[in-house]
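Peer 1: This is start38.pdb, which holds PDB, C-alpha atoms and all ligand atoms:
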ATOM      1  CA  ALA Q1186     105.520 -90.263-164.427
ATOM      2  CA  LYS Q1187     105.229 -93.376-162.294
ATOM      3  CA  ASP Q1188     107.868 -94.104-159.701
ATOM      4  CA  GLY Q1189     109.307 -97.120-161.578
ATOM      5  CA  GLY Q1190     111.619 -95.870-164.352
ATOM      6  CA  GLY Q1191     112.350 -92.455-162.936
ATOM      7  CA  ASN Q1192     113.966 -91.286-166.153
ATOM      8  CA  GLN Q1193     114.605 -87.633-166.802
ATOM      9  CA  PRO Q1194     111.930 -86.895-169.433
ATOM     10  CA  ALA Q1195     109.222 -88.200-167.093
ATOM     11  CA  PHE Q1196     110.493 -85.928-164.372
ATOM     12  CA  PHE Q1197     110.444 -82.864-166.591
ATOM     13  CA  GLU Q1198     106.968 -83.659-167.876
ATOM     14  CA  ALA Q1199     105.822 -84.061-164.331
ATOM     15  CA  SER Q1200     107.417 -80.873-163.102
ATOM     16  CA  MET Q1201     105.990 -78.838-165.925
ATOM     17  CA  GLY Q1202     102.476 -80.173-165.487
ATOM     18  CA  ASP Q1203     100.339 -78.638-162.802
ATOM     19  CA  SER Q1204      99.162 -81.830-161.176
ATOM     20  CA  ALA Q1205      99.069 -81.242-157.446
ATOM     21  CA  ALA Q1206     100.189 -84.825-156.823
ATOM     22  CA  GLU Q1207     103.323 -84.368-158.928
ATOM     23  CA  SER Q1208     104.177 -81.093-157.251
ATOM     24  CA  PHE Q1209     103.756 -82.822-153.938
ATOM     25  CA  ARG Q1210     106.118 -85.623-155.030
ATOM     26  CA  ILE Q1211     108.796 -83.141-156.120
ATOM     27  CA  GLU Q1212     108.370 -81.214-152.901
ATOM     28  CA  ARG Q1213     108.716 -84.357-150.813
ATOM     29  CA  GLU Q1214     111.858 -85.478-152.680
ATOM     30  CA  LEU Q1215     113.373 -82.015-152.592
ATOM     31  CA  ARG Q1216     112.916 -81.738-148.846
ATOM     32  CA  VAL Q1217     115.008 -84.880-148.432
ATOM     33  CA  ALA Q1218     117.468 -83.687-151.099
ATOM     34  CA  VAL Q1219     118.449 -80.655-149.033
ATOM     35  CA  GLN Q1220     119.296 -82.883-146.065
ATOM     36  CA  ASN Q1221     121.006 -85.522-148.240
ATOM     37  CA  HIS Q1222     123.398 -82.992-149.780
ATOM     38  CA  GLU Q1223     122.026 -83.439-153.278
ATOM     39  CA  LEU Q1224     122.076 -79.728-154.124
ATOM     40  CA  ARG Q1225     125.018 -78.318-156.072
ATOM     41  CA  LEU Q1226     126.095 -74.734-156.604
ATOM     42  CA  TYR Q1227     127.232 -73.808-160.098
ATOM     43  CA  LEU Q1228     128.925 -70.518-160.957
ATOM     44  CA  GLN Q1229     128.725 -68.533-164.173
ATOM     45  CA  PRO Q1230     131.258 -65.722-164.693
ATOM     46  CA  GLN Q1231     130.509 -62.092-165.523
ATOM     47  CA  PHE Q1232     132.931 -59.950-167.564
ATOM     48  CA  ASN Q1233     133.202 -56.211-168.189
ATOM     49  CA  ALA Q1234     133.865 -54.718-171.636
ATOM     50  CA  LEU Q1235     137.631 -54.990-171.061
ATOM     51  CA  GLY Q1236     137.281 -58.728-170.592
ATOM     52  CA  GLU Q1237     138.009 -58.593-166.853
ATOM     53  CA  ARG Q1238     136.069 -61.008-164.671
ATOM     54  CA  VAL Q1239     134.048 -58.893-162.261
ATOM     55  CA  GLY Q1240     131.855 -61.503-160.601
ATOM     56  CA  ALA Q1241     129.829 -64.658-160.983
ATOM     57  CA  GLU Q1242     126.246 -65.740-160.490
ATOM     58  CA  ALA Q1243     125.501 -68.701-158.228
ATOM     59  CA  LEU Q1244     122.960 -71.069-159.814
ATOM     60  CA  VAL Q1245     121.610 -74.099-157.985
ATOM     61  CA  ARG Q1246     121.218 -77.605-159.475
ATOM     62  CA  TRP Q1247     119.845 -80.817-158.033
ATOM     63  CA  GLN Q1248     122.075 -83.863-158.385
ATOM     64  CA  HIS Q1249     119.322 -86.469-158.148
ATOM     65  CA  PRO Q1250     120.568 -90.002-157.326
ATOM     66  CA  ALA Q1251     118.337 -91.575-159.992
ATOM     67  CA  ARG Q1252     117.506 -88.786-162.417
ATOM     68  CA  GLY Q1253     120.839 -87.050-162.766
ATOM     69  CA  LEU Q1254     121.402 -83.316-162.803
ATOM     70  CA  ILE Q1255     118.124 -81.396-162.652
ATOM     71  CA  PRO Q1256     118.032 -77.699-163.650
ATOM     72  CA  PRO Q1257     116.420 -75.172-161.280
ATOM     73  CA  GLY Q1258     113.506 -74.451-163.607
ATOM     74  CA  ALA Q1259     112.203 -77.943-162.782
ATOM     75  CA  PHE Q1260     112.104 -77.504-159.001
ATOM     76  CA  ILE Q1261     112.425 -73.832-157.936
ATOM     77  CA  PRO Q1262     108.797 -73.056-158.878
ATOM     78  CA  VAL Q1263     107.617 -75.959-156.708
ATOM     79  CA  ALA Q1264     109.896 -74.915-153.849
ATOM     80  CA  GLU Q1265     108.521 -71.371-154.093
ATOM     81  CA  GLU Q1266     105.050 -72.583-153.228
ATOM     82  CA  SER Q1267     106.097 -73.345-149.674
ATOM     83  CA  ASP Q1268     108.736 -72.548-147.087
ATOM     84  CA  LEU Q1269     110.920 -75.118-148.808
ATOM     85  CA  ILE Q1270     112.304 -72.198-150.840
ATOM     86  CA  VAL Q1271     113.563 -70.719-147.565
ATOM     87  CA  GLU Q1272     115.377 -73.931-146.686
ATOM     88  CA  LEU Q1273     116.853 -74.035-150.165
ATOM     89  CA  GLY Q1274     117.820 -70.365-149.981
ATOM     90  CA  VAL Q1275     119.508 -70.906-146.641
ATOM     91  CA  TRP Q1276     121.580 -73.687-148.205
ATOM     92  CA  VAL Q1277     122.465 -71.626-151.300
ATOM     93  CA  MET Q1278     123.509 -68.568-149.327
ATOM     94  CA  THR Q1279     125.456 -70.512-146.748
ATOM     95  CA  GLU Q1280     127.332 -72.268-149.550
ATOM     96  CA  ALA Q1281     127.894 -68.991-151.448
ATOM     97  CA  CYS Q1282     129.355 -67.318-148.352
ATOM     98  CA  ARG Q1283     131.589 -70.297-147.670
ATOM     99  CA  LEU Q1284     132.919 -70.049-151.246
ATOM    100  CA  ILE Q1285     133.467 -66.266-151.097
ATOM    101  CA  ALA Q1286     135.347 -66.588-147.825
ATOM    102  CA  ALA Q1287     137.467 -69.523-149.038
ATOM    103  CA  ALA Q1288     138.333 -67.863-152.362
ATOM    104  CA  THR Q1289     139.157 -64.584-150.647
ATOM    105  CA  CYS Q1290     141.461 -66.428-148.247
ATOM    106  CA  ALA Q1291     143.187 -68.038-151.242
ATOM    107  CA  GLY Q1292     143.866 -64.625-152.769
ATOM    108  CA  LEU Q1293     140.905 -64.523-155.164
ATOM    109  CA  PRO Q1294     138.560 -61.733-154.052
ATOM    110  CA  LEU Q1295     135.400 -63.306-155.414
ATOM    111  CA  THR Q1296     132.108 -61.415-155.715
ATOM    112  CA  LEU Q1297     129.021 -63.607-156.005
ATOM    113  CA  SER Q1298     125.475 -62.809-157.066
ATOM    114  CA  VAL Q1299     122.829 -64.970-155.438
ATOM    115  CA  ASN Q1300     119.149 -65.287-156.414
ATOM    116  CA  LEU Q1301     116.924 -64.403-153.478
ATOM    117  CA  SER Q1302     113.315 -65.565-153.392
ATOM    118  CA  PRO Q1303     110.745 -62.968-152.233
ATOM    119  CA  ARG Q1304     109.408 -65.437-149.689
ATOM    120  CA  HIS Q1305     112.861 -65.804-148.149
ATOM    121  CA  PHE Q1306     113.477 -62.046-148.049
ATOM    122  CA  ARG Q1307     110.083 -61.526-146.370
ATOM    123  CA  GLN Q1308     111.013 -63.788-143.446
ATOM    124  CA  LYS Q1309     110.922 -61.715-140.297
ATOM    125  CA  ASN Q1310     114.469 -62.532-139.210
ATOM    126  CA  PHE Q1311     116.097 -62.433-142.665
ATOM    127  CA  VAL Q1312     118.359 -59.439-142.051
ATOM    128  CA  ALA Q1313     119.608 -60.676-138.689
ATOM    129  CA  TRP Q1314     120.141 -64.155-140.127
ATOM    130  CA  LEU Q1315     122.159 -62.873-143.082
ATOM    131  CA  ARG Q1316     124.293 -60.554-140.958
ATOM    132  CA  ASP Q1317     125.064 -63.483-138.718
ATOM    133  CA  LEU Q1318     125.930 -65.695-141.702
ATOM    134  CA  LEU Q1319     128.252 -63.061-143.187
ATOM    135  CA  ASP Q1320     129.869 -62.583-139.831
ATOM    136  CA  LYS Q1321     130.395 -66.228-138.932
ATOM    137  CA  SER Q1322     131.610 -67.232-142.409
ATOM    138  CA  GLY Q1323     134.019 -64.306-142.630
ATOM    139  CA  THR Q1324     132.397 -63.012-145.824
ATOM    140  CA  PRO Q1325     132.972 -59.340-146.672
ATOM    141  CA  PRO Q1326     129.371 -58.086-147.230
ATOM    142  CA  SER Q1327     130.466 -56.041-150.256
ATOM    143  CA  GLN Q1328     131.339 -59.285-152.038
ATOM    144  CA  LEU Q1329     127.724 -60.450-151.944
ATOM    145  CA  THR Q1330     125.070 -59.245-154.391
ATOM    146  CA  LEU Q1331     121.446 -60.215-153.833
ATOM    147  CA  GLU Q1332     119.412 -60.596-157.023
ATOM    148  CA  ILE Q1333     115.785 -59.730-156.394
ATOM    149  CA  THR Q1334     112.876 -59.404-158.823
ATOM    150  CA  GLU Q1335     110.374 -56.608-159.300
ATOM    151  CA  GLY Q1336     107.704 -58.919-157.875
ATOM    152  CA  LEU Q1337     109.248 -58.498-154.411
ATOM    153  CA  ILE Q1338     108.445 -54.796-154.398
ATOM    154  CA  ILE Q1339     104.720 -55.147-154.968
ATOM    155  CA  ASP Q1340     103.467 -55.284-151.390
ATOM    156  CA  ASN Q1341     104.668 -54.199-147.977
ATOM    157  CA  VAL Q1342     107.101 -51.837-149.672
ATOM    158  CA  SER Q1343     108.190 -49.984-146.544
ATOM    159  CA  ASP Q1344     109.261 -53.220-144.864
ATOM    160  CA  ILE Q1345     111.252 -54.238-147.961
ATOM    161  CA  VAL Q1346     112.889 -50.808-148.206
ATOM    162  CA  ALA Q1347     113.864 -50.904-144.530
ATOM    163  CA  LYS Q1348     115.448 -54.330-144.897
ATOM    164  CA  MET Q1349     117.295 -53.388-148.050
ATOM    165  CA  ASN Q1350     118.611 -50.209-146.459
ATOM    166  CA  GLU Q1351     119.856 -52.104-143.450
ATOM    167  CA  LEU Q1352     121.781 -54.592-145.600
ATOM    168  CA  SER Q1353     122.966 -51.922-148.004
ATOM    169  CA  LYS Q1354     124.428 -49.970-145.064
ATOM    170  CA  ILE Q1355     126.735 -52.875-144.189
ATOM    171  CA  GLY Q1356     127.828 -53.190-147.834
ATOM    172  CA  VAL Q1357     125.586 -55.848-149.400
ATOM    173  CA  HIS Q1358     124.702 -55.028-153.031
ATOM    174  CA  PHE Q1359     121.312 -55.371-154.710
ATOM    175  CA  SER Q1360     120.512 -56.203-158.310
ATOM    176  CA  ILE Q1361     117.109 -56.234-160.038
ATOM    177  CA  ASP Q1362     116.898 -59.528-161.929
ATOM    178  CA  ASP Q1363     114.952 -59.935-165.182
ATOM    179  CA  PHE Q1364     114.564 -56.169-165.240
ATOM    180  CA  GLY Q1365     111.792 -55.026-167.565
ATOM    181  CA  THR Q1366     109.858 -58.291-167.549
ATOM    182  CA  GLY Q1367     107.657 -57.345-164.573
ATOM    183  CA  TYR Q1368     104.748 -54.986-164.461
ATOM    184  CA  SER Q1369     105.775 -52.599-161.731
ATOM    185  CA  SER Q1370     106.400 -48.910-162.302
ATOM    186  CA  LEU Q1371     109.913 -47.510-162.357
ATOM    187  CA  ALA Q1372     109.205 -45.203-159.412
ATOM    188  CA  TYR Q1373     110.545 -47.726-156.924
ATOM    189  CA  LEU Q1374     114.040 -47.520-158.426
ATOM    190  CA  LYS Q1375     114.821 -44.212-156.758
ATOM    191  CA  ARG Q1376     113.510 -45.343-153.360
ATOM    192  CA  LEU Q1377     115.603 -48.482-153.145
ATOM    193  CA  PRO Q1378     119.347 -48.918-152.554
ATOM    194  CA  ILE Q1379     119.918 -50.690-155.880
ATOM    195  CA  ASP Q1380     123.317 -51.067-157.506
ATOM    196  CA  GLU Q1381     122.570 -52.979-160.661
ATOM    197  CA  LEU Q1382     119.972 -53.923-163.275
ATOM    198  CA  LYS Q1383     120.040 -57.285-165.045
ATOM    199  CA  ILE Q1384     118.683 -57.471-168.588
ATOM    200  CA  ASP Q1385     116.816 -60.707-169.204
ATOM    201  CA  LYS Q1386     118.207 -63.030-171.864
ATOM    202  CA  THR Q1387     115.024 -62.844-173.958
ATOM    203  CA  PHE Q1388     115.800 -59.166-174.720
ATOM    204  CA  VAL Q1389     119.514 -59.780-175.257
ATOM    205  CA  GLN Q1390     119.056 -62.610-177.719
ATOM    206  CA  ASP Q1391     116.723 -60.804-180.119
ATOM    207  CA  ALA Q1392     118.153 -57.303-179.803
ATOM    208  CA  PRO Q1393     120.504 -57.306-182.836
ATOM    209  CA  HIS Q1394     117.567 -58.051-185.185
ATOM    210  CA  ASP Q1395     114.445 -56.949-183.336
ATOM    211  CA  PRO Q1396     114.013 -53.146-183.176
ATOM    212  CA  SER Q1397     111.654 -53.289-180.186
ATOM    213  CA  ASP Q1398     114.108 -55.379-178.133
ATOM    214  CA  ALA Q1399     116.906 -53.018-179.184
ATOM    215  CA  ALA Q1400     114.833 -50.031-178.052
ATOM    216  CA  LEU Q1401     114.101 -51.727-174.748
ATOM    217  CA  ILE Q1402     117.789 -52.320-174.063
ATOM    218  CA  GLU Q1403     118.618 -48.734-174.960
ATOM    219  CA  THR Q1404     115.950 -47.540-172.544
ATOM    220  CA  ILE Q1405     117.284 -49.744-169.744
ATOM    221  CA  LEU Q1406     120.786 -48.393-170.376
ATOM    222  CA  ALA Q1407     119.499 -44.810-170.289
ATOM    223  CA  VAL Q1408     117.697 -45.421-166.986
ATOM    224  CA  ALA Q1409     120.821 -47.014-165.554
ATOM    225  CA  ARG Q1410     123.012 -44.093-166.644
ATOM    226  CA  HIS Q1411     120.701 -41.551-165.053
ATOM    227  CA  LEU Q1412     120.479 -43.462-161.779
ATOM    228  CA  GLN Q1413     124.155 -44.514-161.879
ATOM    229  CA  LEU Q1414     123.462 -48.225-161.853
ATOM    230  CA  LYS Q1415     125.562 -51.022-163.295
ATOM    231  CA  VAL Q1416     123.997 -53.155-166.008
ATOM    232  CA  VAL Q1417     124.499 -56.890-166.475
ATOM    233  CA  ALA Q1418     123.261 -58.549-169.679
ATOM    234  CA  GLU Q1419     122.317 -62.183-169.258
ATOM    235  CA  GLY Q1420     122.273 -64.845-171.973
ATOM    236  CA  VAL Q1421     124.948 -63.379-174.268
ATOM    237  CA  GLU Q1422     125.568 -66.233-176.703
ATOM    238  CA  THR Q1423     127.016 -64.636-179.831
ATOM    239  CA  GLU Q1424     129.694 -62.103-180.805
ATOM    240  CA  GLU Q1425     126.926 -60.172-182.529
ATOM    241  CA  GLN Q1426     124.939 -59.820-179.306
ATOM    242  CA  ALA Q1427     128.063 -58.782-177.385
ATOM    243  CA  ALA Q1428     128.980 -56.211-180.040
ATOM    244  CA  PHE Q1429     125.450 -54.837-180.059
ATOM    245  CA  LEU Q1430     125.515 -54.356-176.282
ATOM    246  CA  ASN Q1431     128.975 -52.754-176.324
ATOM    247  CA  SER Q1432     127.884 -50.327-179.025
ATOM    248  CA  ARG Q1433     124.997 -49.133-176.854
ATOM    249  CA  GLY Q1434     126.684 -48.555-173.524
ATOM    250  CA  GLU Q1435     128.656 -49.935-170.615
ATOM    251  CA  VAL Q1436     127.491 -53.468-170.016
ATOM    252  CA  ILE Q1437     128.736 -56.433-167.998
ATOM    253  CA  HIS Q1438     128.333 -59.664-169.944
ATOM    254  CA  GLN Q1439     127.106 -63.021-168.665
ATOM    255  CA  GLY Q1440     126.409 -65.844-171.103
ATOM    256  CA  TYR Q1441     127.524 -68.955-172.895
ATOM    257  CA  LEU Q1442     129.800 -66.880-175.175
ATOM    258  CA  PHE Q1443     132.004 -66.134-172.163
ATOM    259  CA  GLY Q1444     131.373 -69.109-169.908
ATOM    260  CA  ARG Q1445     128.725 -71.642-168.958
ATOM    261  CA  PRO Q1446     127.680 -72.338-165.367
ATOM    262  CA  GLU Q1447     130.238 -74.758-163.881
ATOM    263  CA  PRO Q1448     130.476 -76.627-160.550
ATOM    264  CA  ALA Q1449     131.653 -74.031-158.025
ATOM    265  CA  GLU Q1450     134.673 -75.941-156.722
ATOM    266  CA  ASP Q1451     136.113 -76.556-160.237
ATOM    267  CA  TRP Q1452     135.474 -72.968-161.173
ATOM    268  CA  ILE Q1453     137.229 -71.505-158.157
ATOM    269  CA  ALA Q1454     140.167 -73.884-158.429
ATOM    270  CA  ARG Q1455     140.668 -72.846-162.054
ATOM    271  CA  TRP Q1456     140.439 -69.124-161.339
ATOM    272  CA  ILE Q1457     142.896 -69.381-158.486
ATOM    273  CA  THR Q1458     145.331 -71.103-160.878
ATOM    274  CA  ILE Q1459     144.769 -68.510-163.618
ATOM    275  CA  SER Q1460     145.197 -65.537-161.324
ATOM    276  CA  ALA Q1461     148.390 -67.026-159.849
ATOM    277  CA  LEU Q1462     150.027 -67.205-163.307
TER     278      LEU Q1462
HETATM  279  P1  LIG S   1     118.001 -66.392-163.844
HETATM  280  O1  LIG S   1     118.277 -65.833-162.494
HETATM  281  O2  LIG S   1     117.449 -65.469-164.860
HETATM  282  O3  LIG S   1     119.379 -67.031-164.311
HETATM  283  C1  LIG S   1     119.894 -66.991-165.615
HETATM  284  C2  LIG S   1     119.640 -68.275-166.358
HETATM  285  O4  LIG S   1     120.128 -68.147-167.685
HETATM  286  C3  LIG S   1     120.391 -69.481-165.765
HETATM  287  O5  LIG S   1     119.550 -70.614-165.965
HETATM  288  C4  LIG S   1     121.622 -69.572-166.679
HETATM  289  O6  LIG S   1     122.203 -70.863-166.696
HETATM  290  C5  LIG S   1     121.002 -69.207-167.993
HETATM  291  N1  LIG S   1     121.976 -68.717-168.959
HETATM  292  C6  LIG S   1     123.124 -68.046-168.727
HETATM  293  N2  LIG S   1     123.750 -67.720-169.861
HETATM  294  C7  LIG S   1     122.989 -68.207-170.866
HETATM  295  C8  LIG S   1     123.110 -68.191-172.288
HETATM  296  O7  LIG S   1     124.055 -67.654-172.877
HETATM  297  N3  LIG S   1     122.101 -68.787-173.001
HETATM  298  C9  LIG S   1     121.023 -69.372-172.394
HETATM  299  N4  LIG S   1     120.098 -69.940-173.183
HETATM  300  N5  LIG S   1     120.889 -69.409-171.048
HETATM  301  C10 LIG S   1     121.857 -68.828-170.294
HETATM  302  P2  LIG S   1     119.381 -71.716-164.809
HETATM  303  O8  LIG S   1     120.695 -71.947-164.129
HETATM  304  O9  LIG S   1     118.682 -72.879-165.450
HETATM  305  O10 LIG S   1     118.414 -71.008-163.784
HETATM  306  C11 LIG S   1     117.078 -70.743-164.110
HETATM  307  C12 LIG S   1     116.425 -69.876-163.069
HETATM  308  O11 LIG S   1     116.293 -70.577-161.835
HETATM  309  C13 LIG S   1     117.205 -68.621-162.734
HETATM  310  O12 LIG S   1     116.992 -67.667-163.735
HETATM  311  C14 LIG S   1     116.625 -68.275-161.375
HETATM  312  O13 LIG S   1     115.412 -67.583-161.541
HETATM  313  C15 LIG S   1     116.346 -69.644-160.785
HETATM  314  N6  LIG S   1     117.424 -70.004-159.851
HETATM  315  C16 LIG S   1     118.613 -70.573-160.114
HETATM  316  N7  LIG S   1     119.322 -70.750-158.980
HETATM  317  C17 LIG S   1     118.555 -70.270-157.962
HETATM  318  C18 LIG S   1     118.735 -70.153-156.538
HETATM  319  O14 LIG S   1     119.771 -70.514-155.955
HETATM  320  N8  LIG S   1     117.700 -69.607-155.824
HETATM  321  C19 LIG S   1     116.552 -69.177-156.443
HETATM  322  N9  LIG S   1     115.590 -68.644-155.672
HETATM  323  N10 LIG S   1     116.364 -69.260-157.768
HETATM  324  C20 LIG S   1     117.354 -69.799-158.525
HETATM  325 CA    CA S   2     119.494 -64.330-161.569
HETATM  326 CA    CA S   3     116.564 -64.154-166.475
HETATM  327 CA    CA S   4     111.398 -60.221-179.323
END
Reformat the file's structure so that it appears as structure tokens.

Peer 2:
Amino acid sequence: AKDGGGNQPAFFEASMGDSAAESFRIERELRVAVQNHELRLYLQPQFNALGERVGAEALVRWQHPARGLIPPGAFIPVAEESDLIVELGVWVMTEACRLIAAATCAGLPLTLSVNLSPRHFRQKNFVAWLRDLLDKSGTPPSQLTLEITEGLIIDNVSDIVAKMNELSKIGVHFSIDDFGTGYSSLAYLKRLPIDELKIDKTFVQDAPHDPSDAALIETILAVARHLQLKVVAEGVETEEQAAFLNSRGEVIHQGYLFGRPEPAEDWIARWITISAL
């Protein structure tokens, strides 16, 4: 991973290693990338059992001038080690709100789910900042879903609950991402203003053949029914997986079977055309 060739495999090797020097290099390049407009927002659609599009998840990519398109797994973990993740999150959310507002203006009432890093949510002024962003961009708060992980809820719970309540009151939705992969207890679910649980793709992909994954999904669906939460299944790749999920309950599907993540502008342009037909 020297600076000479800069080919993609070297980058991935570097980013997956834990060398502090390599992390530092990625961090330094990423800091410039935000300012140089090298980040791209991709959207992946979500469909209900009737096949209606009910939303989309915003997923960031890095269009590196030398290395091409870099997936988030190669740089988000590095960004999360510092306040760089806040800068990145600010960019992602600003872009997401711009897209929601533009699509809504064009007659496509788009709902977007955005991944929110715990470090960003813990910023003291996060709620005020987001309210201001929603306001200035003309984004209806109910068309924004924040995907958080169980890890957020581990410490300073009362502060987190207060912030979530404040945003929930103005209409922002909350989803628990990678639900069931963390180690926290389920008790927090009834304290928080949560609307949705997302089943991680590792459960979804094995469920049709692995009884323990099947049982896990059934348990998540039972919890969701009792607490009246929506459920989104991520990583649905096959008809078999989709059929399995539909046989077990009411599930929103997100996965390659229904649509891959696509550059946001292309995606919105296509959906505006489709819905105008
Ligand atoms: P995630 O939030 O669990 O996102 C779902 C991942 O599954 C995405 O990977 C998506 O492209 C992928 N996926 C969707 N459908 C399928 C499928 O059918 N099969 C398979 N094999 N994969 C599928 P992606 O885009 O590489 O993102 C990886 C992770 O990076 C995300 O996992 C999320 O944790 C993080 N991430 C992405 N964008 C952002 C962002 O804007 N902010 C933050 N903080 N994290 C982000
Ligand atoms: Ca997510
Ligand atoms: Ca996941
Ligand atoms: Ca398994």

Peer 1: When the cut-off is 10 Å and you count all atoms listed in the file, which residues lie near ligand CA 3 (chain S), shown as a PyMOL selection string?

Peer 2: chain Q and resi 1334+1362-1364+1366+1383-1388+1418-1420

Peer 1: Write out as a ChimeraX atom specification the residues lying within 8 Å of range 1222-1225 of chain Q, counting only C-alpha atoms and excluding same-chain residues fewer than 2 positions away.

Peer 2: /Q:1218-1220,1227,1245-1250,1448

Peer 1: Go ahead and save the picked residues with C-alpha atoms, as an mmCIF file, in the coordinates of the input.

Peer 2:
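Okay, this is what ended up in result-v2.cif:
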data_model
loop_
_atom_site.group_PDB
_atom_site.id
_atom_site.type_symbol
_atom_site.label_atom_id
_atom_site.label_comp_id
_atom_site.auth_asym_id
_atom_site.auth_seq_id
_atom_site.Cartn_x
_atom_site.Cartn_y
_atom_site.Cartn_z
ATOM 1 C CA ALA Q 1218 117.468 -83.687 -151.099
ATOM 2 C CA VAL Q 1219 118.449 -80.655 -149.033
ATOM 3 C CA GLN Q 1220 119.296 -82.883 -146.065
ATOM 4 C CA TYR Q 1227 127.232 -73.808 -160.098
ATOM 5 C CA VAL Q 1245 121.610 -74.099 -157.985
ATOM 6 C CA ARG Q 1246 121.218 -77.605 -159.475
ATOM 7 C CA TRP Q 1247 119.845 -80.817 -158.033
ATOM 8 C CA GLN Q 1248 122.075 -83.863 -158.385
ATOM 9 C CA HIS Q 1249 119.322 -86.469 -158.148
ATOM 10 C CA PRO Q 1250 120.568 -90.002 -157.326
ATOM 11 C CA PRO Q 1448 130.476 -76.627 -160.550
#

Peer 1: Pick out the residues no farther than 8 Å from ligand CA 4 (chain S), counting only C-alpha atoms and all ligand atoms, and list them as a ChimeraX atom specification.

Peer 2: /Q:1387-1388,1391-1392,1395,1397-1398

Peer 1: Nearest to Arg1213 in chain Q among Q:Cys1282, Q:Leu1244, Q:Val1239, Q:Val1263, with distances taken over only C-alpha atoms: which residue is it?

Peer 2: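 The shortest atom-to-atom distance to Arg1213 in chain Q comes from Q:Val1263.
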
Peer 1: Assuming 3 Å of padding per side, give the centre and edge lengths of the axis-aligned box around every listed atom of ligand LIG 1 (chain S), in Å to one decimal and as JSON.

Peer 2:
{"center_x": 119.7, "center_y": -69.2, "center_z": -164.4, "size_x": 14.6, "size_y": 13.4, "size_z": 23.5}

Peer 1: Mind telling me what the PyMOL selection byres (((chain Q and resi 1446) around 9) and not hetatm) catches here, as a ChimeraX atom specification?

Peer 2: /Q:1227-1230,1242-1244,1440-1441,1444-1445,1447-1449,1452

Peer 1: Which residue, Q:Asp1320, Q:Glu1272, Q:Glu1237, Q:Glu1265, has the smallest gap to Val1217 in chain Q when you use all atoms listed in the file?

Peer 2: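 Nearest candidate to Val1217 in chain Q out of Q:Asp1320, Q:Glu1272, Q:Glu1237, Q:Glu1265: Q:Glu1272.
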
Peer 1: Rank nothing, just name the residue among Q:Ala1251, Q:Ala1288, Q:Leu1301, Q:Leu1295 nearest to Val1275 in chain Q, using only C-alpha atoms.

Peer 2: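 For Val1275 in chain Q, the nearest of the candidates is Q:Leu1301.
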
Peer 1: One decimal, in Å: what's the spacing between CA of Leu1406 in chain Q and CA of His1358 in chain Q?

Peer 2: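 Distance reported for this atom pair: 19.0 Å.
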
Peer 1: CA of Asp1344 in chain Q and atom N10 of ligand LIG 1 (chain S) are how many Å apart?

Peer 2: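 Taking CA of Asp1344 in chain Q as the start and atom N10 of ligand LIG 1 (chain S) as the end point, the length is 21.8 Å.
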
Peer 1: Counting all atoms listed in the file, which of Q:Phe1429, Q:Phe1359, Q:Tyr1373, Q:Trp1456 gets nearest to ligand CA 2 (chain S)?

Peer 2: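 Ranked by minimum distance to ligand CA 2 (chain S), first place goes to Q:Phe1359.
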
Peer 1: Let me know the residues the PyMOL selection byres (((chain Q and resi 1323) around 10) and not hetatm) catches in the file above, as a ChimeraX atom specification.

Peer 2: /Q:1282-1283,1285-1287,1289-1290,1317-1322,1324-1326

Peer 1: Using all atoms listed in the file, pick whichever of Q:Gly1253, Q:Gly1292, Q:Gly1365, Q:Gly1356 has the shortest atom-to-atom distance to Ile1459 in chain Q.

Peer 2: Q:Gly1292

Peer 1: Find the residue from Q:Ser1302, Q:Thr1296, Q:Ser1267, Q:Ser1432 that sits nearest to ligand CA 2 (chain S); use only C-alpha atoms and all ligand atoms when measuring.

Peer 2: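 Of all the options, Q:Ser1302 lies closest to ligand CA 2 (chain S).
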